[in-house]
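Presented below is the structure to which this report refers.
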Amino acid sequence: MKIYTKTGDKGTSSLYNGERRAKDDEVFEALGSTDELTSHIGLSIAYLEEMPWGDSLIEKLSKVQCLLQEIGSNIATPRESSNERKLSKTDFDAKYVVEMEGWIDELDAELPRLTQFILPSGGKASASLHVARTVCRRAERRVQPVARDNICDTSVAIYLNRLSDFLFNAARWSAHKQGKKEYIYKRPK
């Protein structure tokens, strides 16, 4: 099977339900942002693999990558125009939001209290997680109109909101574990 199909050469692409839309449609903007996010998380995993303490975080991030694939399926299956079979295969369960909140709390319990605004820093793993966090925020902004229009489940938007918080704590946790300095914002003189 070839990687190219030529079906998108005229500027449209197909959703899971067979509907074709322009490649710059809000659905494809949301899909592209979540795809970019999983790539950045993959880079963070590559940095964490070099750390003797990284396994537990890698396990969580790998699950996140799989869930981002599930999120993509949900976004690519408009809730109002897809059949029940496709909808049931692509539901995004809110239980993952609750799980994410638990992960955030776990990391938070191991971190020093945050009293100042920190800048993305703290070593390569930490800095790459901060990049992933900012890409996640963009993905959340791209998903919001799609969720508002009932194209995807609202649980998708909520999950991305929690994921950015998790990535923030993961970046801080990584810096802390590695003994790297987190740079603090100071008003320029």
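Each chain in the structure tokens gets a letter, A, B and so on, in the order shown; residues start at 1 in every chain, and ligands are counted from 1 in the order they appear.
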For the interface of segment 86-179 of chain A with segment 51-62 of chain A (cut-off 10 Å, counting only C-alpha atoms), please tabulate each contacting residue of segment 86-179 of chain A alongside its nearest pair of atoms and their separation in Å to one decimal, rows sorted by chain and increasing number, as a tab-separated table.
```
residue	atom	partner	partner_atom	distance
A:Met100	CA	A:Lys60	CA	9.3
A:Trp103	CA	A:Lys60	CA	8.4
A:Leu107	CA	A:Leu57	CA	9.6
A:Ala125	CA	A:Met51	CA	9.0
A:Phe166	CA	A:Leu61	CA	9.9
A:Leu167	CA	A:Leu61	CA	9.1
A:Ala170	CA	A:Leu57	CA	7.6
A:Trp173	CA	A:Leu57	CA	9.4
A:Ser174	CA	A:Gly54	CA	8.0
A:Lys177	CA	A:Trp53	CA	7.5
A:Gln178	CA	A:Met51	CA	7.9
```
Under the rule of at most 10 Å, produce a per-residue listing of segment 92-157 of chain A near segment 16-31 of chain A: chain, number, name, the closest pair of atoms, and the distance in Å, as a Markdown table, using only C-alpha atoms.
```
| residue | atom | partner | partner_atom | distance |
| --- | --- | --- | --- | --- |
| A:Arg138 | CA | A:Ala30 | CA | 9.0 |
| A:Ala139 | CA | A:Ala30 | CA | 6.1 |
| A:Glu140 | CA | A:Ala30 | CA | 8.0 |
| A:Arg141 | CA | A:Ala30 | CA | 8.3 |
| A:Arg142 | CA | A:Ala30 | CA | 4.8 |
| A:Val143 | CA | A:Ala30 | CA | 5.2 |
| A:Gln144 | CA | A:Ala30 | CA | 8.7 |
| A:Pro145 | CA | A:Glu26 | CA | 7.8 |
| A:Val146 | CA | A:Val27 | CA | 6.5 |
| A:Ala147 | CA | A:Val27 | CA | 9.9 |
| A:Ile151 | CA | A:Val27 | CA | 8.1 |
| A:Cys152 | CA | A:Val27 | CA | 9.2 |
```
Fill in: Which residue of A:Gln116, A:Ser73, A:Ser164, A:Thr90 approaches Thr134 of chain A most closely, using only C-alpha atoms
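Of all the options, A:Ser164 lies closest to Thr134 of chain A.
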Fill in: Pairwise distance for atom CA of Ala175 of chain A and atom CA of Ser121 of chain A, rounded to one decimal in Å
7.9 Å
Practice prompt. Would you please extract all strand (DSSP E or B) residues from segment 18-153 of chain A, as assigned by DSSP on the backbone, and give them as a list in words?
Written response: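 Those in segment 18-153 of chain A that DSSP calls strand (DSSP E or B) are Arg20, Arg21, Ala22 and Ile118 of chain A.
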Practice prompt. For each of A:Ile45, A:Ala171, A:Ile3, A:Cys66, take the minimum atom-to-atom distance to His130 of chain A, counting only C-alpha atoms, then give the residue where this is smallest.
Written response: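 Closest to His130 of chain A, using only C-alpha atoms: A:Ala171.
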Worksheet item: For Val131 of chain A, which of A:Glu36, A:Asp91, A:Glu101, A:Asp9 is the closest residue, counting only C-alpha atoms?
Response: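 The answer is A:Glu36, which sits nearest to Val131 of chain A.
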Worksheet item: Could you write out, as a VMD selection string, all the residues of chain A that DSSP marks as helix (DSSP H, G or I)?
Response: chain A and resid 26 to 48 55 to 75 84 to 90 95 to 109 124 to 148 154 to 178
Store the residues picked out above in a file with C-alpha atoms, as a compact mmCIF listing (two decimals), in the first residue's frame.
```txt
# COMPACT_ATOMS: atom_id res chain seq x y z
CA GLU A 26 -11.68 23.97 11.65
CA VAL A 27 -11.86 20.19 12.09
CA PHE A 28 -8.54 19.70 10.31
CA GLU A 29 -7.02 22.60 12.25
CA ALA A 30 -7.98 20.77 15.46
CA LEU A 31 -6.68 17.45 14.13
CA GLY A 32 -3.41 19.00 13.00
CA SER A 33 -2.83 20.64 16.37
CA THR A 34 -3.38 17.39 18.28
CA ASP A 35 -1.09 15.59 15.82
CA GLU A 36 1.61 18.20 16.38
CA LEU A 37 1.13 17.81 20.13
CA THR A 38 1.74 14.07 20.07
CA SER A 39 4.94 14.66 18.08
CA HIS A 40 6.21 17.09 20.70
CA ILE A 41 5.35 14.60 23.43
CA GLY A 42 7.34 12.00 21.49
CA LEU A 43 10.36 14.31 21.58
CA SER A 44 9.92 14.75 25.33
CA ILE A 45 9.82 10.97 25.73
CA ALA A 46 13.09 10.70 23.79
CA TYR A 47 14.74 13.10 26.27
CA LEU A 48 13.21 11.30 29.26
CA ASP A 55 10.04 5.52 33.21
CA SER A 56 6.93 6.44 35.21
CA LEU A 57 6.51 9.69 33.29
CA ILE A 58 7.23 7.98 29.96
CA GLU A 59 4.48 5.48 30.72
CA LYS A 60 1.98 8.29 31.32
CA LEU A 61 3.08 10.26 28.26
CA SER A 62 2.83 7.16 26.05
CA LYS A 63 -0.75 6.68 27.24
CA VAL A 64 -1.41 10.34 26.47
CA GLN A 65 -0.14 9.80 22.92
CA CYS A 66 -2.56 6.89 22.49
CA LEU A 67 -5.39 8.98 23.90
CA LEU A 68 -4.54 11.78 21.48
CA GLN A 69 -5.12 9.25 18.69
CA GLU A 70 -8.52 8.53 20.26
CA ILE A 71 -9.17 12.27 20.42
CA GLY A 72 -8.32 12.54 16.73
CA SER A 73 -10.85 9.82 15.94
CA ASN A 74 -13.46 11.67 17.98
CA ILE A 75 -12.79 14.98 16.23
CA GLU A 84 -24.31 5.27 15.68
CA ARG A 85 -21.72 2.60 14.87
CA LYS A 86 -19.03 5.18 14.10
CA LEU A 87 -20.03 7.34 17.07
CA SER A 88 -19.80 4.43 19.49
CA LYS A 89 -16.33 3.53 18.17
CA THR A 90 -15.05 7.06 18.71
CA LYS A 95 -12.88 9.02 32.91
CA TYR A 96 -9.60 10.03 31.28
CA VAL A 97 -10.05 13.57 32.62
CA VAL A 98 -10.36 12.18 36.15
CA GLU A 99 -7.28 10.01 35.62
CA MET A 100 -5.34 13.05 34.39
CA GLU A 101 -6.33 15.02 37.49
CA GLY A 102 -4.88 12.21 39.61
CA TRP A 103 -1.62 12.36 37.67
CA ILE A 104 -1.45 16.14 38.15
CA ASP A 105 -1.95 15.73 41.89
CA GLU A 106 0.71 12.98 42.08
CA LEU A 107 3.33 15.20 40.48
CA ASP A 108 2.25 18.24 42.45
CA ALA A 109 2.79 16.36 45.72
CA LYS A 124 16.09 19.45 27.74
CA ALA A 125 13.34 17.11 28.99
CA SER A 126 11.69 19.88 31.01
CA ALA A 127 11.99 22.49 28.26
CA SER A 128 10.55 20.08 25.68
CA LEU A 129 7.60 19.39 28.00
CA HIS A 130 7.03 23.14 28.23
CA VAL A 131 6.94 23.30 24.41
CA ALA A 132 4.44 20.42 24.42
CA ARG A 133 2.37 22.37 26.98
CA THR A 134 2.18 25.43 24.74
CA VAL A 135 1.25 23.30 21.72
CA CYS A 136 -1.41 21.67 23.90
CA ARG A 137 -2.85 25.09 24.72
CA ARG A 138 -3.07 25.83 21.00
CA ALA A 139 -4.70 22.46 20.36
CA GLU A 140 -7.23 23.29 23.06
CA ARG A 141 -7.99 26.62 21.36
CA ARG A 142 -8.46 24.83 18.01
CA VAL A 143 -10.74 22.21 19.58
CA GLN A 144 -12.98 24.68 21.45
CA PRO A 145 -15.04 25.79 18.41
CA VAL A 146 -15.34 22.17 17.25
CA ALA A 147 -16.62 21.13 20.68
CA ARG A 148 -18.93 24.15 20.85
CA THR A 154 -16.88 18.20 25.14
CA SER A 155 -14.76 15.75 27.14
CA VAL A 156 -12.08 16.18 24.45
CA ALA A 157 -11.76 19.91 25.17
CA ILE A 158 -11.77 19.32 28.92
CA TYR A 159 -9.07 16.64 28.59
CA LEU A 160 -6.80 18.97 26.61
CA ASN A 161 -7.27 21.64 29.29
CA ARG A 162 -6.13 19.20 32.00
CA LEU A 163 -3.35 17.84 29.78
CA SER A 164 -1.71 21.27 29.56
CA ASP A 165 -1.73 21.45 33.37
CA PHE A 166 -0.22 17.97 33.52
CA LEU A 167 2.50 18.91 31.04
CA PHE A 168 3.33 21.97 33.14
CA ASN A 169 3.72 19.83 36.26
CA ALA A 170 5.60 17.16 34.28
CA ALA A 171 8.08 19.81 33.09
CA ARG A 172 8.61 21.05 36.65
CA TRP A 173 8.88 17.47 37.96
CA SER A 174 11.47 16.63 35.31
CA ALA A 175 13.60 19.65 36.21
CA HIS A 176 13.27 18.80 39.90
CA LYS A 177 14.24 15.14 39.39
CA GLN A 178 17.19 16.10 37.22
```
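Reported to one decimal place, the separation of atom CA of Ser82 of chain A from atom CA of Ser13 of chain A is 16.2 Å.
Within the 6 Å cut-off around Ile118 of chain A, using only C-alpha atoms and omitting residues fewer than 4 positions from it on the same chain, the listed residues are Tyr183, Ile184 and Tyr185 of chain A.
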Please, could you write that set of residues out with all heavy atoms as a compact mmCIF listing (two decimals), in the first residue's frame?
```txt
# COMPACT_ATOMS: atom_id res chain seq x y z
N TYR A 183 14.26 28.66 35.75
CA TYR A 183 14.49 30.10 35.75
C TYR A 183 13.19 30.82 36.09
O TYR A 183 12.10 30.43 35.65
CB TYR A 183 15.05 30.56 34.41
CG TYR A 183 16.47 30.07 34.22
CD1 TYR A 183 16.73 28.85 33.61
CD2 TYR A 183 17.55 30.82 34.70
CE1 TYR A 183 18.02 28.39 33.48
CE2 TYR A 183 18.85 30.36 34.57
CZ TYR A 183 19.09 29.14 33.94
OH TYR A 183 20.36 28.70 33.84
N ILE A 184 13.32 31.88 36.87
CA ILE A 184 12.19 32.64 37.37
C ILE A 184 12.06 33.94 36.58
O ILE A 184 13.07 34.58 36.25
CB ILE A 184 12.40 32.99 38.88
CG1 ILE A 184 12.65 31.73 39.70
CG2 ILE A 184 11.24 33.79 39.44
CD1 ILE A 184 11.54 30.73 39.69
N TYR A 185 10.84 34.32 36.30
CA TYR A 185 10.60 35.60 35.65
C TYR A 185 11.01 36.73 36.59
O TYR A 185 10.64 36.75 37.76
CB TYR A 185 9.11 35.75 35.29
CG TYR A 185 8.74 37.18 34.96
CD1 TYR A 185 9.06 37.72 33.73
CD2 TYR A 185 8.09 37.97 35.90
CE1 TYR A 185 8.74 39.05 33.43
CE2 TYR A 185 7.76 39.29 35.60
CZ TYR A 185 8.09 39.82 34.38
OH TYR A 185 7.78 41.12 34.10
```
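For the pair atom CA of Arg79 of chain A and atom CA of Asn150 of chain A, the separation is 6.1 Å.
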